[in-house]
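J.: Dumping the structure here so I can ask a few things about it.
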Amino acid sequence: MNISSLFSKVKKLLLRIRSRLITEYTIMYLYPSIYRKYSEKALDADKVIFIESRLDKLSNSFQVLYQRLGKETDYKLKIHFLRKTFVSNREYINNCKELIRDMATAKYVFMDEATHILGRIQLRNETELVQLWHGCGAFKKFGYSAADGKFGASRRAKERYPVHTNYTLATVSSKEVIPHFENAMNSQGKGTVQATGVSRTDIFYDEEFIAAAFRKLYSALPEAENKKIILYAPTFRGNVEAAAAPDRLDTEAMEKALGDRYILLIKHHPLVRRRPEVKGSSFAFDFSDAMSVEELLCVSDICISDYSSLIFEYSLFERPMIFFAYDLKEYFDSRGFYYDYDELTPGPVFKSTKEITDYIDNIENNFDVNTVKSFREKFMSACDGKATDRIIDKVFGEEYGKHLRR
């Protein structure tokens with residue numbers, strides 16, 4: 001080993017040690033001490049906080065509830081963008097400190113994913129901390145369910161920096177998945193995980209939202225009006241900090257087989273920063289920025305995915321789904337699933353583009369809608385267009401009526 005290589009390894013080791021020390025200090029001491037100091041102030045019963053951990057805009061998990069509160073009530077709404085992994089560590093810590101100071105006097109706090117920063121904070125009894133979670137159903141293992149695996153942190157780390165202990169409510173899409181979420185959140189017997197339905201799925205019952213999605217598509221891509229739409233919406237590969245997009249779908253081959261009748265829209269996971277080049281310019285289009293995933297689900301006739309939880313939402317439309325799982329073994333080894341993959345998926349599982357095009361070419365005879373209906377009833381039974389109503393009732397109770405705008 002040469003000096004340069006040795007120096008590089010030592011430098012990386014020192015950086016990891018430094019990062020762990022900073023994590024230990026901020027989570028175990030800094031954030032709790034800030035919270036204790038500011039929680040001595042009077043509670044603001046009108047303050048509602050939304051914690052956006054990574055993105056620089058409000059995620060789809062929050063939007064329906066946030067817009068409803070803003071339109072109907074006089075609650076004071078505040079969004080904290082932490083920007084984890086997207087900004088420097090110093091800026092991230094400053095963002096967290098600002099959140100904690102603000103949260104210390106808040107009556108209501110909403111999250112849509114786990115965050116370590118609250119793990120060692122003892123919330124004041126008056127505060128409602130609601131986990132809306134970002135995925136429906138129960139697909140890939142997470143939290144304590146994935147402890148000591150390739151993707152998840154060690155159980156020891158999860159117990160040292162617990163991220164789910166403070167929830168007063170965690171919303172899920174059906175009773176079927178409650179045990180899986182309780183296991184993942186280490187909250188068995190607490191009753192905090194409830195099948196209220198998932199707030200953001202309410203828009204799939206909004207006829208105006210669906211009509212607007214079609215208008216948006218046809219405005220951006222007029223040729224789509226005379227063709228059927230295939231949506232390809234895969235999840236990312238690798239870890240969250242270095243999320244990569246799969247690039248195995250042969251869009252040129254798809255264009256040759258299906259281009260006269262279909263258009264392919266691609267929606268990459270929002271954590272993916274480098275997207276693969278799209279080939280087949282008159283057939284395949286990257287719509288990751290052009291339309292939200294909810295809008296794309298509304299306008300699509302067929303959905304191709306892999307291990308993404310959006311299949312649960314798409315089942316509400318009872319349309320065909322195809323699963324392009326060419327790396328199933330590798331993905332399962334790194335993440336693990338709550339159910340047997342082949343038994344869970346409400347559609348065929350393929351490993352090649354040719355299989356996909358052959359299936360779509362005879363979709364009328366191949367598709368069994370009853371399979372999707374059974375899947376929907378099992379995993380999405382609480383998502384009936386009224387989930388936000390139930391969440392508001394459970395979290396705000398009678399206080400909500402007192403804050404309605406006149």
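Naming scheme: A, B, ... for chains in displayed order of the structure tokens; residues 1 onward per chain; ligands 1 onward as shown.
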If we count only C-alpha atoms, what is near Glu294 in chain A at a cut-off of 10 Å, once residues fewer than 5 positions away on the same chain are taken out, given as a list in words?

T.: Asn60, Arg200, Thr201, Ile203, Phe204, Phe209, Ile210, Ala213, Val299, Leu310, Glu313 and Tyr314 of chain A

J.: Atoms to include: C-alpha atoms. Write the selected residues as a short mmCIF file (atom, residue, chain, number, x, y, z; two decimals), in the first residue's frame.

T.:
```cif
data_model
loop_
_atom_site.label_atom_id
_atom_site.label_comp_id
_atom_site.auth_asym_id
_atom_site.auth_seq_id
_atom_site.Cartn_x
_atom_site.Cartn_y
_atom_site.Cartn_z
CA ASN A 60 -46.98 15.02 -1.21
CA ARG A 200 -52.57 12.28 0.49
CA THR A 201 -54.71 9.53 -1.10
CA ILE A 203 -56.89 13.52 -3.96
CA PHE A 204 -57.50 10.33 -5.96
CA PHE A 209 -57.72 17.12 -9.44
CA ILE A 210 -57.88 14.22 -11.91
CA ALA A 213 -53.87 16.27 -14.22
CA VAL A 299 -53.42 9.83 -16.10
CA LEU A 310 -46.82 3.73 -5.02
CA GLU A 313 -51.95 4.04 -4.32
CA TYR A 314 -52.25 2.96 -7.94
#
```

J.: Using only C-alpha atoms, which residues of range 231-328 of chain A come within 9 Å of range 379-403 of chain A, and what is the closest atom pair for each, with the distance in Å to one decimal? Give it as CSV, sorted by chain and residue number.

T.:
```
residue,atom,partner,partner_atom,distance
A:Phe312,CA,A:Met380,CA,6.8
A:Glu313,CA,A:Met380,CA,7.7
A:Ser315,CA,A:Met380,CA,8.1
A:Leu316,CA,A:Met380,CA,7.6
```

J.: Take the residues from that selection and write them out as an mmCIF file, in the first residue's frame, keeping C-alpha atoms.

T.:
```cif
data_model
loop_
_atom_site.group_PDB
_atom_site.id
_atom_site.type_symbol
_atom_site.label_atom_id
_atom_site.label_comp_id
_atom_site.auth_asym_id
_atom_site.auth_seq_id
_atom_site.Cartn_x
_atom_site.Cartn_y
_atom_site.Cartn_z
ATOM 1 C CA PHE A 312 -50.669 0.639 -3.248
ATOM 2 C CA GLU A 313 -51.952 4.043 -4.318
ATOM 3 C CA SER A 315 -54.426 0.029 -6.900
ATOM 4 C CA LEU A 316 -57.162 2.549 -6.062
#
```

J.: DSSP says strand (DSSP E) for which residues of range 137-341 of chain A? Put them as a list in words?

T.: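 Strand (DSSP E) members of range 137-341 of chain A, listed: Leu169, Ala170, Thr171, Val193, Gln194, Lys228, Ile229, Ile230, Leu231, Tyr232, Tyr262, Ile263, Leu264, Leu265, Ile266, Ala284, Phe285, Asp286, Ile302, Cys303, Ile304, Ser305, Met321, Ile322, Phe323 and Phe324 of chain A.
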
J.: Could you work out how far CA of Lys57 in chain A lies from CA of Ala45 in chain A, giving the answer in Å with one decimal?

T.: 25.2 Å

J.: Determine which residues of range 171-301 of chain A receive a DSSP assignment of helix (DSSP H, G or I), computed from the backbone, and state them as a ChimeraX atom specification.

T.: /A:175-184,199-205,207-220,222-226,240-242,251-258,293-299

J.: When you draw a straight line from CA of Tyr144 in chain A to CA of Phe181 in chain A, how long is it in Å?

T.: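 So the two atoms, CA of Tyr144 in chain A and CA of Phe181 in chain A, lie 9.4 Å apart.
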
J.: At a cut-off of 9 Å, using only C-alpha atoms, what residues contact Lys107 in chain A? Leave out same-chain residues fewer than 4 positions from it and give the result as a PyMOL selection string.

T.: chain A and resi 43-49+103+126-129

J.: Next, write the just-selected residues to a file, as an mmCIF file, in the first residue's frame, keeping N, CA, C and O atoms as the atom set.

T.:
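For reference, again00.cif as written:
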```
data_model
loop_
_atom_site.group_PDB
_atom_site.id
_atom_site.type_symbol
_atom_site.label_atom_id
_atom_site.label_comp_id
_atom_site.auth_asym_id
_atom_site.auth_seq_id
_atom_site.Cartn_x
_atom_site.Cartn_y
_atom_site.Cartn_z
ATOM 1 N N LEU A 43 -47.048 27.210 25.960
ATOM 2 C CA LEU A 43 -47.445 26.490 24.753
ATOM 3 C C LEU A 43 -48.282 27.394 23.852
ATOM 4 O O LEU A 43 -49.140 28.142 24.333
ATOM 5 N N ASP A 44 -48.014 27.332 22.553
ATOM 6 C CA ASP A 44 -48.830 28.050 21.576
ATOM 7 C C ASP A 44 -49.809 27.043 20.973
ATOM 8 O O ASP A 44 -49.459 26.252 20.109
ATOM 9 N N ALA A 45 -51.032 27.072 21.447
ATOM 10 C CA ALA A 45 -52.034 26.082 21.038
ATOM 11 C C ALA A 45 -52.487 26.254 19.594
ATOM 12 O O ALA A 45 -53.200 25.396 19.060
ATOM 13 N N ASP A 46 -52.080 27.354 18.950
ATOM 14 C CA ASP A 46 -52.467 27.600 17.560
ATOM 15 C C ASP A 46 -51.355 27.231 16.573
ATOM 16 O O ASP A 46 -51.544 27.350 15.366
ATOM 17 N N LYS A 47 -50.200 26.815 17.078
ATOM 18 C CA LYS A 47 -49.051 26.572 16.209
ATOM 19 C C LYS A 47 -49.043 25.139 15.676
ATOM 20 O O LYS A 47 -49.134 24.172 16.437
ATOM 21 N N VAL A 48 -48.916 25.000 14.345
ATOM 22 C CA VAL A 48 -48.850 23.700 13.684
ATOM 23 C C VAL A 48 -47.572 23.650 12.845
ATOM 24 O O VAL A 48 -47.375 24.484 11.955
ATOM 25 N N ILE A 49 -46.724 22.671 13.125
ATOM 26 C CA ILE A 49 -45.432 22.560 12.439
ATOM 27 C C ILE A 49 -45.397 21.316 11.557
ATOM 28 O O ILE A 49 -45.867 20.251 11.956
ATOM 29 N N MET A 103 -40.441 24.092 17.758
ATOM 30 C CA MET A 103 -41.288 22.960 18.118
ATOM 31 C C MET A 103 -41.558 22.897 19.624
ATOM 32 O O MET A 103 -42.571 22.353 20.059
ATOM 33 N N GLU A 126 -48.386 18.208 26.242
ATOM 34 C CA GLU A 126 -49.453 18.850 25.467
ATOM 35 C C GLU A 126 -49.262 18.695 23.957
ATOM 36 O O GLU A 126 -50.198 18.915 23.180
ATOM 37 N N THR A 127 -48.070 18.337 23.514
ATOM 38 C CA THR A 127 -47.766 18.311 22.075
ATOM 39 C C THR A 127 -48.236 17.019 21.418
ATOM 40 O O THR A 127 -48.011 15.925 21.931
ATOM 41 N N GLU A 128 -48.876 17.177 20.265
ATOM 42 C CA GLU A 128 -49.278 16.041 19.442
ATOM 43 C C GLU A 128 -48.235 15.874 18.340
ATOM 44 O O GLU A 128 -48.043 16.778 17.516
ATOM 45 N N LEU A 129 -47.547 14.730 18.323
ATOM 46 C CA LEU A 129 -46.559 14.440 17.280
ATOM 47 C C LEU A 129 -47.122 13.345 16.386
ATOM 48 O O LEU A 129 -47.257 12.192 16.798
#
```

J.: Please determine, counting only C-alpha atoms, which residue among A:Val369, A:Ala244, A:Ala138, A:Ile302 has the shortest atom-to-atom distance to Gly336 in chain A.

T.: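 Among the listed residues, the smallest separation from Gly336 in chain A belongs to A:Ala138.
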
J.: If we count only C-alpha atoms, what is near Gln122 in chain A at a cut-off of 10 Å, once residues fewer than 5 positions away on the same chain are taken out, given as a VMD selection string?

T.: chain A and resid 32 35 to 36 165 to 166
